[in-house]
Number of protein chains: 4
Amino acid sequence: MTLNVGVIGTGMIGQDHIRRITHVLSGARVAAVTDVDLDRARTVADDLPGAVVHETGQALIADAGVDAVIVTSWGPTHEEYVLAGIAAGKQVFCEKPLATTREACERIVDAEVAAGRRLVMVGFMRRYDAQYGAMKAAVTGGAIGLPLLMHAAHRNPSVPDHYTSDMIINDSTVHDIDVARWMFDDEIAAITVLKPRRSTKAREGFNDPLFVLMEMASGVLVDVEASVNAGFGYDIRGEVVCEDGTVELSESAGAIIKSAAQFAGRVPQSWPERFAPAFDTEFRAWIAAVTAGGTTGPSAWDGYAATVACDTAAAALHSGQREPVVLRERPDLYKEA
Amino acid sequence: MTLNVGVIGTGMIGQDHIRRITHVLSGARVAAVTDVDLDRARTVADDLPGAVVHETGQALIADAGVDAVIVTSWGPTHEEYVLAGIAAGKQVFCEKPLATTREACERIVDAEVAAGRRLVMVGFMRRYDAQYGAMKAAVTGGAIGLPLLMHAAHRNPSVPDHYTSDMIINDSTVHDIDVARWMFDDEIAAITVLKPRRSTKAREGFNDPLFVLMEMASGVLVDVEASVNAGFGYDIRGEVVCEDGTVELSESAGAIIKSAAQFAGRVPQSWPERFAPAFDTEFRAWIAAVTAGGTTGPSAWDGYAATVACDTAAAALHSGQREPVVLRERPDLYKEA
Amino acid sequence: MTLNVGVIGTGMIGQDHIRRITHVLSGARVAAVTDVDLDRARTVADDLPGAVVHETGQALIADAGVDAVIVTSWGPTHEEYVLAGIAAGKQVFCEKPLATTREACERIVDAEVAAGRRLVMVGFMRRYDAQYGAMKAAVTGGAIGLPLLMHAAHRNPSVPDHYTSDMIINDSTVHDIDVARWMFDDEIAAITVLKPRRSTKAREGFNDPLFVLMEMASGVLVDVEASVNAGFGYDIRGEVVCEDGTVELSESAGAIIKSAAQFAGRVPQSWPERFAPAFDTEFRAWIAAVTAGGTTGPSAWDGYAATVACDTAAAALHSGQREPVVLRERPDLYKEA
Amino acid sequence: MTLNVGVIGTGMIGQDHIRRITHVLSGARVAAVTDVDLDRARTVADDLPGAVVHETGQALIADAGVDAVIVTSWGPTHEEYVLAGIAAGKQVFCEKPLATTREACERIVDAEVAAGRRLVMVGFMRRYDAQYGAMKAAVTGGAIGLPLLMHAAHRNPSVPDHYTSDMIINDSTVHDIDVARWMFDDEIAAITVLKPRRSTKAREGFNDPLFVLMEMASGVLVDVEASVNAGFGYDIRGEVVCEDGTVELSESAGAIIKSAAQFAGRVPQSWPERFAPAFDTEFRAWIAAVTAGGTTGPSAWDGYAATVACDTAAAALHSGQREPVVLRERPDLYKEA
């Protein structure tokens with residue numbers, strides 16, 4: 001049985017997921033695509049035997065030949081498509097963010113709660129990374145005691161000229177926000193954002209790097225160095241400090257070369273290089289869950305909480321103050337483990 | 001377009017490849033199976049929608065609904081099925097060994113040469129492992145000079161009671177034999193096998209570990225420690241020493257845990273754990289090549305050369321002498337890079 | 001020519017330095033000792049051929065047979081002995097802290113400035129550690145650009161029952177304070193101290209771990225995790241993040257053992273294990289400098305700045321606020337590189 | 001109490017040990033020197049307050065102001081000075097080799113046995129290296145079972161033009177020979193030497209690298225890659241494979257730098273860089289033992305066994321055959337642990 005998937009948004013990440021579903025993974029095919037740029041959608045569809053091009057996301061969602069929907073369009077359009085998917089009773093995989101405002105996320109949560117079952121998975125792929133998985137297993141396994149702190153670094157080699165400090169939070173740190181919530185099965189209580197010395201590679205007025213401090217409800221303190229002009233690579237670091245030990249992401253394995261007075265290994269150069277296996281695992285899990293009649297992984301609640309935390313972090317960046325993260329009450333639908 | 005694959009041999013590795021094709025990879029489905037134990041074949045087929053069970057490998061190969069064949073049966077039966085596949089003009093993926101005797105391998109090579117095109121790929125999955133790939137890139141890239149030596153270790157945690165010293169060569173070292181030929185794009189000229197101190201975990205008369213020395217035609221010396229009662233894990237090591245540097249397989253990445261006075265990482269515990277991604281990549285390459293009308297990867301010649309090298313190593317083990325590896329002339333079919 | 005050294009304070013660290021001078025290093029001998037516990041001083045002297053026991057530190061300093069003085073007594077007594085040493089025109093090596101209050105440190109600085117030459121070295125041994133040295137060489141070498149952040153962790157396996165949160169700052173973090181000033185050749189502008197989740201191994205009211213944030217005058221942000229019940233070892237971590245790369249202290253080298261499904265290396269278990277070579281190097285440098293007629297290394301100004309930073313950190317711990325570090329003007333005596 | 005040491009041979013290594021005794025270690029001073037080049041000896045003595053220059057080694061040994069003797073002269077002269085030291089009843093530290101021929105070593109052993117007590121220590125400094133020490137502790141500790149194999153590599157960055165294949169054995173591999181005997185507390189039973197592909201950096205007729213196989217009496221097999229044109233560094237590798245685990249020398253610790261798509265650490269560039277702390281520890285042990293009236297460490301028997309093994313390895317290199325190592329019976333003097 002092959003799952004027929006419709007993809008809304010055929011930009012870079014949309015195309016990557018289409019490639020994944022078509023050429024890498026079993027169990028699903030891309031049956032329909034659409035994009036704000038219809039020519040791009042048609043070009044993509046040319047390589048997809050039997051795929052239909054729809055003029056709008058709404059039409060795609062309504063297509064009876066589409067079993068489930070992937071939303072990889074521009075962030076501000078996510079709400080509309082996710083709500084439509086829920087209304088149609090179809091499973092939706094939505095790339096982060098779930099939606100760009102707290103209110104939009106709440107409308108999605110409300111709709112899903114009203115539907116009475118989970119229909120949305122949000123694309124926080126780190127939860128499917130083998131190293132993060134091993135880290136969480138160590139933290140929850142109990143052998144090293146209760147967690148007290150987490151140190152993280154999110155380093156991008158470079159960013160486009162239009163990048164802003166807020167985007168460091170919304171595009172980069174959002175992953176660390178989700179990791180913290182998932183790792184400790186806890187909500188973030190407050191956020192402070194510090195501005196270390198500015199990289200000379202960042203233009204005037206653009207605070208890069210940032211140093212984000214998240215206080216979990218339990219008291220666990222998570223610090224995140226977010227740098228987007230690191231130059232040397234795409235370097236994702238993490239260490240959880242527990243009472244009796246620590247657990248740390250290792251450097252990526254690979255061949256170690258000795259030459260010219262040093263031993264050296266490769267640092268990944270991009271997020272696809274670093275997280276390709278995690279994306280594969282993530283979609284494999286989603287296809288399996290949807291085929292079995294449900295969904296899995298990060299929920300609309302997780303997407304909502306991440307968006308609120310990003311908003312709070314942005315407020316903290318601008319206020320220079322510690323800002324509390326205020327969430328609505330968690331609906332029962334999201335209370336299962 | 002989905003490739004319809006028939007699988008001959010539904011034991012452990014056959015089932016693993018069926019799982020891979022069915023649940024992991026895109027582009028192929030298992031359309032038919034058979035096994036010497038037909039009940040086992042039927043049980044396996046029960047989970048494969050639309051799969052036919054054939055009473056014999058020959059019948060499976062003859063099935064018009066089977067586009068290509070995977071041979072994962074008992075080694076001594078490989079020759080028959082590979083020859084039948086060639087005769088039927090169907091692409092064959094054959095797990096190692098290609099065949100268990102030099103003569104059988106020669107008959108396969110002759111048949112393929114007579115067919116005038118490659119129809120056989122042999123399952124030396126290490127060629128598809130990311131670390132070995134990085135190692136080969138470093139060796140052939142030129143930055144560290146010509147290769148001079150290679151050190152290797154092949155450590156299994158344990159083996160069944162019926163295991164013999166010859167099986168250390170045929171089941172374990174055969175992979176190192178193929179790696180050496182592939183890494184240096186060269187043939188093995190001679191082999192010597194030494195017997196280090198016997199592990200007390202090996203029964204009387206069973207030489208474990210072995211130390212296998214392979215002299216490549218170029219003079220590169222490859223040493224392989226082959227241990228099959230290593231206990232602590234499935235540990236595959238390799239370092240190529242070149243004139244200006246070395247390249248070494250790193251430890252597997254994963255989380256590093258600090259506790260109780262040490263920092264520690266995981267050693268893989270089995271070949272599926274260590275090489276699962278390599279198997280996926282290998283089959284992805286085969287499916288793509290067969291779908292495109294050809295094949296790829298290790299050839300019948302590679303299978304032949306590996307079997308001859310294993311025979312030579314076994315002779316060297318028993319004679320205690322350096323034994324030359326004698327190969328027939330390489331047919332033009334196998335002379336491309 | 002052998003330097004005759006007098007040691008004031010024969011407790012644990014005093015005895016360790018006496019052992020070092022007597023049995024490890026060349027160029028000096030312990031000619032005199034004293035201690036608040038004279039019996040202890042006499043017991044120590046019994047193993048030191050020709051060593052005199054003085055009843056007071058002042059008498060020891062006045063002894064014509066004492067060329068230079070090591071102060072390893074209780075912190076609050078440092079001021080008196082250092083001032084006496086300066087008054088006597090003798091070189092003084094003073095273990096940290098230089099003195100326990102800002103005012104006491106200022107009196108020492110004033111006395112040394114009045115003397116017109118440096119007579120005091122403060123025992124910040126990390127400056128003599130090979131790894132920190134390599135880190136500083138990388139930071140100042142320019143190949144990885146200007147420094148932006150530093151991440152540090154100071155983990156003690158355990159502490160005595162009487163330990164307090166202030167002692168985490170004064171006894172542990174003081175080293176990170178000096179490292180930051182030295183690494184960036186800069187002063188600390190402000191300090192904030194956060195209280196992560198409390199370890200259940202710390203008694204009620206004792207904040208362990210602490211998370212100390214130091215803003216350097218240049219804007220470089222230094223974060224220090226200070227844990228004193230880490231259990232698994234004495235683990236000192238550091239990473240400087242520069243514009244084009246990072247430099248990190250590696251795990252201590254040693255033998256790597258593979259067994260029981262893991263590869264593992266040792267984490268040091270105490271500060272003597274981790275820093276013994278640094279202490280040796282530090283004293284070798286001091287003996288050489290004093291023998292040559294001067295001193296070297298961390299100055300009275302460094303000791304003063306560290307004490308002020310500790311005071312500020314303690315204030316920040318109790319206020320919960322970001323506290324500015326206010327230093328007097330740096331005298332010319334300390335303006336050389 | 002200061003030990004008065006006389007040094008015979010003030011070339012590079014002699015000067016390094018003089019520096020060590022004079023400026024690094026406590027407990028000894030250089031009281032006398034001599035050299036085949038007396039001008040060189042005088043120049044060295046100019047920096048050593050109170051040191052006498054003797055015209056011959058014999059005169060130095062006879063000097064009543066010399067308590068103990070260090071022999072760092074040209075290898076073929078060692079026998080004469082060691083025998084003279086024994087005859088004079090003075091403790092002798094002799095750099096490797098103890099003597100250059102089996103017969104010369106036997107005369108030393110005979111003389112020491114006649115003297116009835118150990119008077120000779122041979123300079124195999126690796127026994128004092130912290131990493132080798134940790135390796136031996138793991139091997140003898142029992143937690144990873146009986147040793148079965150050892151893999152080693154001895155890589156020099158480059159050698160002078162006059163270097164020969166025999167010197168690879170006598171100058172480089174001799175250390176691996178001693179390590180094997182010490183690590184397993186066992187004698188070498190037979191040696192085979194293989195000639196891998198020749199480095200193009202080695203001149204015609206000079207076999208570099210070599211691959212030396214040593215069979216211990218217990219059956220443990222030790223393989224040593226000896227390369228003397230490795231270019232990238234002075235790289236000493238070792239792994240002992242035991243029944244239940246392995247123990248391996250780690251890469252040298254130091255700062256890890258991330259830049260330009262890689263993380264990298266330093267490889268030592270020379271034996272002084274790699275083994276300086278081991279030399280310090282070695283001499284500290286010797287000074288302490290001699291001051292206490294005896295000696296310690298590698299004995300004349302160890303020196304004899306190493307020379308015989310080197311002779312055997314050279315014979316194996318030239319014969320291309322496995323050559324047995326034939327030792328005389330071990331005198332009781334050397335039977336203690």
# chains A, B, ... in the order shown; residues from 1 in each chain; ligands from 1
$ interface_residues --of "chain A" --to "chain D" --cutoff "7 Å" --atoms "only C-alpha atoms" --output "CSV table (one decimal) with C-alpha atoms, in the first residue's frame"
chain,number,residue,atom,x,y,z
A,232,PHE,CA,34.1,26.8,9.2
A,233,GLY,CA,31.0,24.6,9.1
A,258,LYS,CA,46.9,12.6,9.5
A,259,SER,CA,49.0,14.9,7.5
A,260,ALA,CA,51.0,18.1,8.0
A,261,ALA,CA,51.4,17.9,11.7
A,262,GLN,CA,47.8,17.2,12.5
A,263,PHE,CA,45.0,14.6,12.7
A,264,ALA,CA,41.8,15.9,11.4
A,265,GLY,CA,38.2,15.0,10.8
A,266,ARG,CA,35.5,16.7,8.8
A,267,VAL,CA,32.9,19.1,10.2
A,268,PRO,CA,29.6,19.0,8.3
A,269,GLN,CA,29.1,21.9,6.0
$ residues_around --residues "Gly6 in chain D" --least-positions-apart "4" --cutoff "9 Å" --atoms "only C-alpha atoms" --output "list in words"
Arg29, Val30, Ala31, Ala32, Val33, Thr34, Ala51, Val52, Leu60, Ile61, Asp63, Gly65, Val66, Asp67, Ala68, Val69, Ile70 and Val71 of chain D
$ residues_around --residues "Ser26 in chain C" --least-positions-apart "5" --cutoff "8 Å" --atoms "only C-alpha atoms" --output "short mmCIF file (atom, residue, chain, number, x, y, z; two decimals) with C-alpha atoms, in the first residue's frame"
data_model
loop_
_atom_site.label_atom_id
_atom_site.label_comp_id
_atom_site.auth_asym_id
_atom_site.auth_seq_id
_atom_site.Cartn_x
_atom_site.Cartn_y
_atom_site.Cartn_z
CA ILE C 21 60.61 22.14 45.20
CA ARG C 284 59.96 26.33 37.32
CA ILE D 21 69.47 17.32 35.34
CA THR D 22 70.57 20.91 35.65
CA HIS D 23 67.43 22.87 34.95
CA VAL D 24 64.48 20.53 35.30
CA LEU D 25 64.97 17.92 37.98
CA SER D 26 65.94 18.11 41.61
CA GLY D 27 68.41 15.87 43.39
#
$ residues_around --residues "range 294-310 of chain D" --least-positions-apart "4" --cutoff "7 Å" --atoms "only C-alpha atoms" --output "list of chain:residue names"
D:Pro97, D:Leu98, D:Thr100, D:Thr101, D:Arg102, D:Cys105, D:Glu106, D:Val109, D:Arg118, D:Leu119, D:Val120, D:Met121, D:Val122, D:Phe124, D:Ile169, D:Asn170, D:Val174, D:Ile177, D:Asp178, D:Trp286, D:Ala289, D:Val290, D:Ala314, D:Val325, D:Tyr334
$ atom_distance --atom1 "CA of Ile86 in chain A" --atom2 "CA of Gly57 in chain A"
13.2 Å
$ residues_around --residues "Ala189 in chain D" --least-positions-apart "3" --cutoff "10 Å" --atoms "only C-alpha atoms" --output "list in words"
Asp186, Met214, Glu215, Met216, Ala217, Ser218, Gly219, Val220, Ala309, Glu323, Pro324, Val325, Val326 and Leu327 of chain D
$ write_last_selection --atoms "N, CA and C atoms" --output "PDB file, in the first residue's frame"
ATOM      1  N   ASP D 186      57.858 -10.917  28.984  1.00  0.00           N
ATOM      2  CA  ASP D 186      58.095 -12.142  28.220  1.00  0.00           C
ATOM      3  C   ASP D 186      59.244 -11.892  27.238  1.00  0.00           C
ATOM      4  N   MET D 214      56.977  -9.887  15.611  1.00  0.00           N
ATOM      5  CA  MET D 214      57.659 -10.528  16.732  1.00  0.00           C
ATOM      6  C   MET D 214      56.711 -11.522  17.391  1.00  0.00           C
ATOM      7  N   GLU D 215      57.159 -12.740  17.515  1.00  0.00           N
ATOM      8  CA  GLU D 215      56.365 -13.763  18.218  1.00  0.00           C
ATOM      9  C   GLU D 215      56.927 -13.884  19.622  1.00  0.00           C
ATOM     10  N   MET D 216      56.118 -13.583  20.613  1.00  0.00           N
ATOM     11  CA  MET D 216      56.562 -13.711  21.991  1.00  0.00           C
ATOM     12  C   MET D 216      56.530 -15.192  22.386  1.00  0.00           C
ATOM     13  N   ALA D 217      57.256 -15.539  23.434  1.00  0.00           N
ATOM     14  CA  ALA D 217      57.275 -16.932  23.883  1.00  0.00           C
ATOM     15  C   ALA D 217      55.873 -17.442  24.208  1.00  0.00           C
ATOM     16  N   SER D 218      55.023 -16.574  24.694  1.00  0.00           N
ATOM     17  CA  SER D 218      53.639 -16.946  25.044  1.00  0.00           C
ATOM     18  C   SER D 218      52.762 -17.151  23.829  1.00  0.00           C
ATOM     19  N   GLY D 219      53.245 -16.747  22.652  1.00  0.00           N
ATOM     20  CA  GLY D 219      52.419 -16.801  21.454  1.00  0.00           C
ATOM     21  C   GLY D 219      51.849 -15.457  21.054  1.00  0.00           C
ATOM     22  N   VAL D 220      51.896 -14.479  21.955  1.00  0.00           N
ATOM     23  CA  VAL D 220      51.427 -13.137  21.582  1.00  0.00           C
ATOM     24  C   VAL D 220      52.206 -12.676  20.352  1.00  0.00           C
ATOM     25  N   ALA D 309      67.710  -9.134  19.955  1.00  0.00           N
ATOM     26  CA  ALA D 309      66.516  -9.060  19.099  1.00  0.00           C
ATOM     27  C   ALA D 309      66.778  -8.186  17.873  1.00  0.00           C
ATOM     28  N   GLU D 323      63.305 -15.750  11.834  1.00  0.00           N
ATOM     29  CA  GLU D 323      64.531 -16.107  12.546  1.00  0.00           C
ATOM     30  C   GLU D 323      64.255 -16.237  14.042  1.00  0.00           C
ATOM     31  N   PRO D 324      64.693 -17.330  14.642  1.00  0.00           N
ATOM     32  CA  PRO D 324      64.505 -17.479  16.091  1.00  0.00           C
ATOM     33  C   PRO D 324      65.434 -16.552  16.866  1.00  0.00           C
ATOM     34  N   VAL D 325      64.951 -16.071  17.993  1.00  0.00           N
ATOM     35  CA  VAL D 325      65.770 -15.245  18.891  1.00  0.00           C
ATOM     36  C   VAL D 325      66.363 -16.174  19.948  1.00  0.00           C
ATOM     37  N   VAL D 326      67.687 -16.245  19.987  1.00  0.00           N
ATOM     38  CA  VAL D 326      68.340 -17.174  20.914  1.00  0.00           C
ATOM     39  C   VAL D 326      69.051 -16.389  22.005  1.00  0.00           C
ATOM     40  N   LEU D 327      68.581 -16.561  23.227  1.00  0.00           N
ATOM     41  CA  LEU D 327      69.179 -15.870  24.378  1.00  0.00           C
ATOM     42  C   LEU D 327      69.885 -16.885  25.270  1.00  0.00           C
TER      43      LEU D 327
END
$ select_by_dssp --residues "range 97-336 of chain B" --states "strand (DSSP E or B)" --output "ChimeraX atom specification"
/B:120-122,147-155,188-194,210-216,221-227,235-242,245-249,255-259,262-266,323-324
$ select_by_dssp --residues "range 79-162 of chain C" --states "alpha helix (DSSP H)" --output "PyMOL selection string"
chain C and resi 79-87+102-115+130-141
$ write_last_selection --atoms "C-alpha atoms" --output "short mmCIF file (atom, residue, chain, number, x, y, z; two decimals), in the first residue's frame"
data_model
loop_
_atom_site.label_atom_id
_atom_site.label_comp_id
_atom_site.auth_asym_id
_atom_site.auth_seq_id
_atom_site.Cartn_x
_atom_site.Cartn_y
_atom_site.Cartn_z
CA GLU C 79 47.85 40.25 52.94
CA GLU C 80 50.07 40.47 55.97
CA TYR C 81 52.74 38.15 54.59
CA VAL C 82 52.73 39.57 51.09
CA LEU C 83 53.09 43.10 52.44
CA ALA C 84 55.91 41.97 54.71
CA GLY C 85 57.65 40.30 51.79
CA ILE C 86 57.39 43.46 49.73
CA ALA C 87 58.65 45.50 52.66
CA ARG C 102 39.42 44.42 47.50
CA GLU C 103 40.99 46.78 49.99
CA ALA C 104 43.67 44.35 51.07
CA CYS C 105 44.58 43.75 47.43
CA GLU C 106 44.78 47.48 46.87
CA ARG C 107 47.18 47.86 49.77
CA ILE C 108 49.39 45.22 48.19
CA VAL C 109 49.23 46.89 44.80
CA ASP C 110 50.05 50.23 46.41
CA ALA C 111 53.01 48.75 48.26
CA GLU C 112 54.38 47.13 45.15
CA VAL C 113 53.93 50.28 43.11
CA ALA C 114 55.74 52.17 45.86
CA ALA C 115 58.54 49.61 45.70
CA ALA C 130 49.90 23.04 28.09
CA GLN C 131 46.32 22.84 26.81
CA TYR C 132 45.39 26.33 27.93
CA GLY C 133 48.65 27.49 26.40
CA ALA C 134 47.74 25.94 23.06
CA MET C 135 44.29 27.52 23.32
CA LYS C 136 45.73 30.97 23.93
CA ALA C 137 48.19 30.52 21.08
CA ALA C 138 45.27 29.73 18.77
CA VAL C 139 43.23 32.69 20.00
CA THR C 140 46.04 35.19 19.67
CA GLY C 141 47.51 33.61 16.54
#
$ residues_around --residues "Pro147 in chain A" --least-positions-apart "2" --cutoff "12 Å" --atoms "only C-alpha atoms" --output "VMD selection string"
(chain A and resid 135 to 136 138 to 145 149 to 151 180 183 to 186 216 218 to 222 239 to 247) or (chain C and resid 196 to 200 209 230)
$ closest_residue --among "B:Asp176, B:Asp166, B:Asp161, B:Glu55" --to "Arg203 in chain B" --atoms "only C-alpha atoms"
B:Asp161
$ closest_residue --among "D:Cys94, D:Ala226, D:Ala278, D:Ala316" --to "Thr77 in chain D" --atoms "only C-alpha atoms"
D:Cys94
$ atom_distance --atom1 "CA of Ala315 in chain D" --atom2 "CA of Phe206 in chain D"
15.6 Å
